[in-house]
Amino acid sequence: MNNVQASISVLGTSALLFEAPGEMTLESQQRIWALAREAQSWPEVREAVPGMNNLMLSFARAPRTLGDLEARLQAAWLAARPLPLEGRVVELPVVYGGAGGPHMGDVVAHTGMGIDEIIERHSAPLYPVYALGSHPGYCYLGGMDPRIATPRRKVPVVSIPGGAVSIGGAQTGVSASEGPSGWNTIGSTSMRFFDPAQDPPALLRPGDSIRFRVEKVIR
Amino acid sequence: MIEILSASALATVQDLGRTGALRWGVGTSGAMDPLALAAGNILLGNDEGAAAVEVPVFPFQVRFAQDCAFAVTGADVAARLDDEPLLPWWSTLARAGQVLQLGLPQGGTWRASRAYLCVAGGIDVPPALGSRSTQLRGAFGGHEGRALRQGDSLRVGAASDARCGKGIGLVPPALALPLQLDDLPAIRVLPAAQYTNYTEASRATFWSEPWKITAQSDRYGYRLSGTRLEAVSALEMRSHGIVPGVIQVPPGGQPIVQMRDAQPSGGYPKLGTVIEADLWRLGQAPIGGRVRFVETNWDDAMAALAQTRRWLDEVRRLVELQRSQRGGR
């Protein structure tokens, strides 16, 4: 059990953000999933939304004062046991570099590694889906090799295509549709991650996993 | 049905937004000025959250294919029904075949930028994941998941109250709930988690200088320009949930305010959050215009939210009073 206090902050009067202390780990994320399940039943909470080792509570009705909710959240976190969600494994063929990976050069420059080494490290792990966010069907993944971590871009890119495989800080992910992004795109894949007519509408859920298979490397 | 006659882009079907789908990565969307949408609906006897057409680019024209009570709220856009000028924030009955034209937003101390065409019965597009708002990024919701185009026809729902076309008007919230600083729209902000990671000088700058809404601003976010905000240390955050109103500061030091089509999560440091009660003010601030930010606290932010709720309740009371005084049908 971690005895460092978690951080709680407000997002205006619309939501509250809980950030778990310590290193980003799967175990900590499993406790976040447990905390989300608990908080979802609280009357002031409209939706408990897991992030990367953090949890946002959007308000159904913002409380007059925050003290009680904050104390309840801290207590529930201390009591939370890891909730092991286990799902399926989805394999995604990736074309690394080239026009579909316009920021590979920035990752090379930042890490000092060659393209082959970056690709090898990126395609090696089985990435657990920690959370969904960003845009419909998008998955935040845990488990990236920290040696290929690359800071988010100084100015976000106005649009990257669906299927873009990118690195933002210590995280990696695949965009589910075209849109703006602050991440470094190193490759591309094709997969439909979201269909509003399905229930649930997202292809993947926390606990599922993604594996990137090297389909091609363009230098 | 109403038919879109204009080729102008970016008009969308919006309601008060999509809640409860954040866990699938689906942001809220919804009207940039929720007060104008809700008040327009009240004028017409609709639920506050009925869908309407949000119009950010003018001129804009529609033809009514059926008799239809409507109200244009939000920006004062010198609306005309055929040749007859209409008052803003006023309900009117259109006859089948009449054409409604929305012109450029009118000046004055508070020139708003978006108009809402509300119709009795609401715009009847199929709800998707609990809302009729257009989800542009996901290409669903609203009318075919996209902005409206010339030639599109929108179905109108069944009106709940046959009396709703009988000319009732409102004082807009820009006049009823004014908030300005140095003749600029003032927007209240609650400091967020990384507020203290900005230098004292930068924090002072944020509150004391005007911020320009750049041309790279849209329903996703307002990219602001002003004196560069300096962080004490560069932070790489873990991705977390965010809401419309969150003010992110990318390493370039120029803030971005998340708006209604914002992603539901992000990782840039957060300086503050525009309070829910003031999102409509910012949503109406025109591109190229400037705004000021005012620091607030939880209690005042909650009081402001209650004040907007009271304003809507008062609107409902006045509308119902006028309707009952004019008698039934």
# chains A, B, ... in the order shown; residues from 1 in each chain; ligands from 1
>>> interface_residues(of="chain B", to="chain A", cutoff="9 Å", atoms="only C-alpha atoms", output="PyMOL selection string")
chain B and resi 19-27+128-129+137-138+140-141+189-193+236-246+250-253+262-268+272-277+298-299+301-302+305
>>> residues_around(residues="A:Glu91", least_positions_apart="4", cutoff="10 Å", atoms="only C-alpha atoms", output="ChimeraX atom specification")
/A:126,191,209-213
>>> residues_around(residues="B:Thr92", least_positions_apart="6", cutoff="10 Å", atoms="only C-alpha atoms", output="list in words")
Leu43, Leu44, Cys68, Ala69, Phe70, Ala71, Val72, Leu81, Leu86, Val119, Cys164, Gly165, Lys166, Gly167, Ile168 and Gly169 of chain B
>>> write_last_selection(atoms="N, CA and C atoms", output="PDB file, in the first residue's frame")
ATOM      1  N   LEU B  43     -38.812  29.341 -24.785  1.00  0.00           N
ATOM      2  CA  LEU B  43     -39.705  30.242 -25.529  1.00  0.00           C
ATOM      3  C   LEU B  43     -40.716  29.469 -26.365  1.00  0.00           C
ATOM      4  N   LEU B  44     -40.313  28.277 -26.800  1.00  0.00           N
ATOM      5  CA  LEU B  44     -41.138  27.505 -27.731  1.00  0.00           C
ATOM      6  C   LEU B  44     -41.902  26.375 -27.053  1.00  0.00           C
ATOM      7  N   CYS B  68     -44.325  26.494 -38.754  1.00  0.00           N
ATOM      8  CA  CYS B  68     -43.384  26.134 -37.685  1.00  0.00           C
ATOM      9  C   CYS B  68     -43.088  27.347 -36.819  1.00  0.00           C
ATOM     10  N   ALA B  69     -43.304  27.207 -35.511  1.00  0.00           N
ATOM     11  CA  ALA B  69     -42.887  28.268 -34.601  1.00  0.00           C
ATOM     12  C   ALA B  69     -41.390  28.125 -34.361  1.00  0.00           C
ATOM     13  N   PHE B  70     -40.696  29.264 -34.333  1.00  0.00           N
ATOM     14  CA  PHE B  70     -39.244  29.218 -34.143  1.00  0.00           C
ATOM     15  C   PHE B  70     -38.792  30.433 -33.341  1.00  0.00           C
ATOM     16  N   ALA B  71     -37.560  30.375 -32.851  1.00  0.00           N
ATOM     17  CA  ALA B  71     -36.940  31.524 -32.195  1.00  0.00           C
ATOM     18  C   ALA B  71     -35.458  31.512 -32.538  1.00  0.00           C
ATOM     19  N   VAL B  72     -34.909  32.702 -32.782  1.00  0.00           N
ATOM     20  CA  VAL B  72     -33.465  32.812 -33.015  1.00  0.00           C
ATOM     21  C   VAL B  72     -32.865  33.459 -31.771  1.00  0.00           C
ATOM     22  N   LEU B  81     -37.684  37.267 -41.738  1.00  0.00           N
ATOM     23  CA  LEU B  81     -38.530  36.188 -42.242  1.00  0.00           C
ATOM     24  C   LEU B  81     -39.154  36.735 -43.523  1.00  0.00           C
ATOM     25  N   LEU B  86     -37.075  40.682 -37.766  1.00  0.00           N
ATOM     26  CA  LEU B  86     -37.519  40.041 -36.523  1.00  0.00           C
ATOM     27  C   LEU B  86     -36.693  40.546 -35.358  1.00  0.00           C
ATOM     28  N   VAL B 119     -36.584  25.439 -32.964  1.00  0.00           N
ATOM     29  CA  VAL B 119     -37.919  25.249 -33.541  1.00  0.00           C
ATOM     30  C   VAL B 119     -38.806  24.523 -32.537  1.00  0.00           C
ATOM     31  N   CYS B 164     -47.181  28.397 -28.921  1.00  0.00           N
ATOM     32  CA  CYS B 164     -45.810  28.871 -28.762  1.00  0.00           C
ATOM     33  C   CYS B 164     -45.353  29.822 -29.862  1.00  0.00           C
ATOM     34  N   GLY B 165     -46.102  29.993 -30.921  1.00  0.00           N
ATOM     35  CA  GLY B 165     -45.656  30.912 -31.959  1.00  0.00           C
ATOM     36  C   GLY B 165     -46.098  32.351 -31.723  1.00  0.00           C
ATOM     37  N   LYS B 166     -46.747  32.592 -30.602  1.00  0.00           N
ATOM     38  CA  LYS B 166     -47.346  33.912 -30.395  1.00  0.00           C
ATOM     39  C   LYS B 166     -46.402  34.918 -29.780  1.00  0.00           C
ATOM     40  N   GLY B 167     -45.455  35.378 -30.564  1.00  0.00           N
ATOM     41  CA  GLY B 167     -44.558  36.458 -30.218  1.00  0.00           C
ATOM     42  C   GLY B 167     -44.289  36.707 -28.754  1.00  0.00           C
ATOM     43  N   ILE B 168     -43.346  35.983 -28.212  1.00  0.00           N
ATOM     44  CA  ILE B 168     -42.869  36.232 -26.855  1.00  0.00           C
ATOM     45  C   ILE B 168     -41.372  36.486 -26.952  1.00  0.00           C
ATOM     46  N   GLY B 169     -40.877  37.458 -26.174  1.00  0.00           N
ATOM     47  CA  GLY B 169     -39.454  37.775 -26.252  1.00  0.00           C
ATOM     48  C   GLY B 169     -38.770  37.738 -24.901  1.00  0.00           C
TER      49      GLY B 169
END
>>> residues_around(residues="stretch 120-126 of chain B", least_positions_apart="6", cutoff="6 Å", atoms="only C-alpha atoms", output="PyMOL selection string")
chain B and resi 44+50-52+69-70+155-159
>>> select_by_dssp(residues="stretch 12-146 of chain A", states="strand (DSSP E or B)", output="JSON, numbers by chain")
{"A": [15, 16, 17, 18, 19, 45, 46, 47, 48, 49, 50, 54, 55, 56, 57, 58, 59, 89, 90, 91, 92, 93, 94, 95, 96, 97, 127, 128, 129, 130, 131, 132, 139, 140, 141]}
>>> write_last_selection(atoms="C-alpha atoms", output="compact mmCIF listing (two decimals), in the first residue's frame")
# COMPACT_ATOMS: atom_id res chain seq x y z
CA ALA A 15 -15.50 17.49 -12.48
CA LEU A 16 -12.84 16.43 -10.03
CA LEU A 17 -9.55 14.71 -10.83
CA PHE A 18 -7.97 12.06 -8.61
CA GLU A 19 -4.34 11.20 -9.36
CA VAL A 45 -21.04 11.37 -9.67
CA ARG A 46 -22.38 11.30 -13.22
CA GLU A 47 -19.49 9.31 -14.63
CA ALA A 48 -16.30 7.86 -13.14
CA VAL A 49 -13.76 7.92 -15.96
CA PRO A 50 -10.43 6.12 -15.55
CA ASN A 54 -5.95 8.62 -12.39
CA LEU A 55 -9.71 8.98 -12.25
CA MET A 56 -12.00 11.82 -13.27
CA LEU A 57 -15.39 12.13 -11.60
CA SER A 58 -17.78 14.23 -13.66
CA PHE A 59 -20.53 15.70 -11.54
CA VAL A 89 -5.73 -9.59 -27.33
CA VAL A 90 -5.97 -7.63 -30.60
CA GLU A 91 -3.02 -7.68 -33.00
CA LEU A 92 -2.46 -4.59 -35.17
CA PRO A 93 -0.14 -4.67 -38.23
CA VAL A 94 1.85 -1.41 -38.34
CA VAL A 95 3.70 0.34 -41.14
CA TYR A 96 6.43 2.24 -39.29
CA GLY A 97 7.97 5.46 -40.64
CA TYR A 127 0.12 -3.43 -24.19
CA PRO A 128 -2.77 -3.56 -21.73
CA VAL A 129 -5.62 -1.11 -22.38
CA TYR A 130 -5.61 1.07 -19.25
CA ALA A 131 -8.40 3.44 -20.23
CA LEU A 132 -10.34 4.93 -23.12
CA CYS A 139 -7.27 3.39 -26.05
CA TYR A 140 -4.61 4.53 -23.62
CA LEU A 141 -2.08 1.75 -23.30
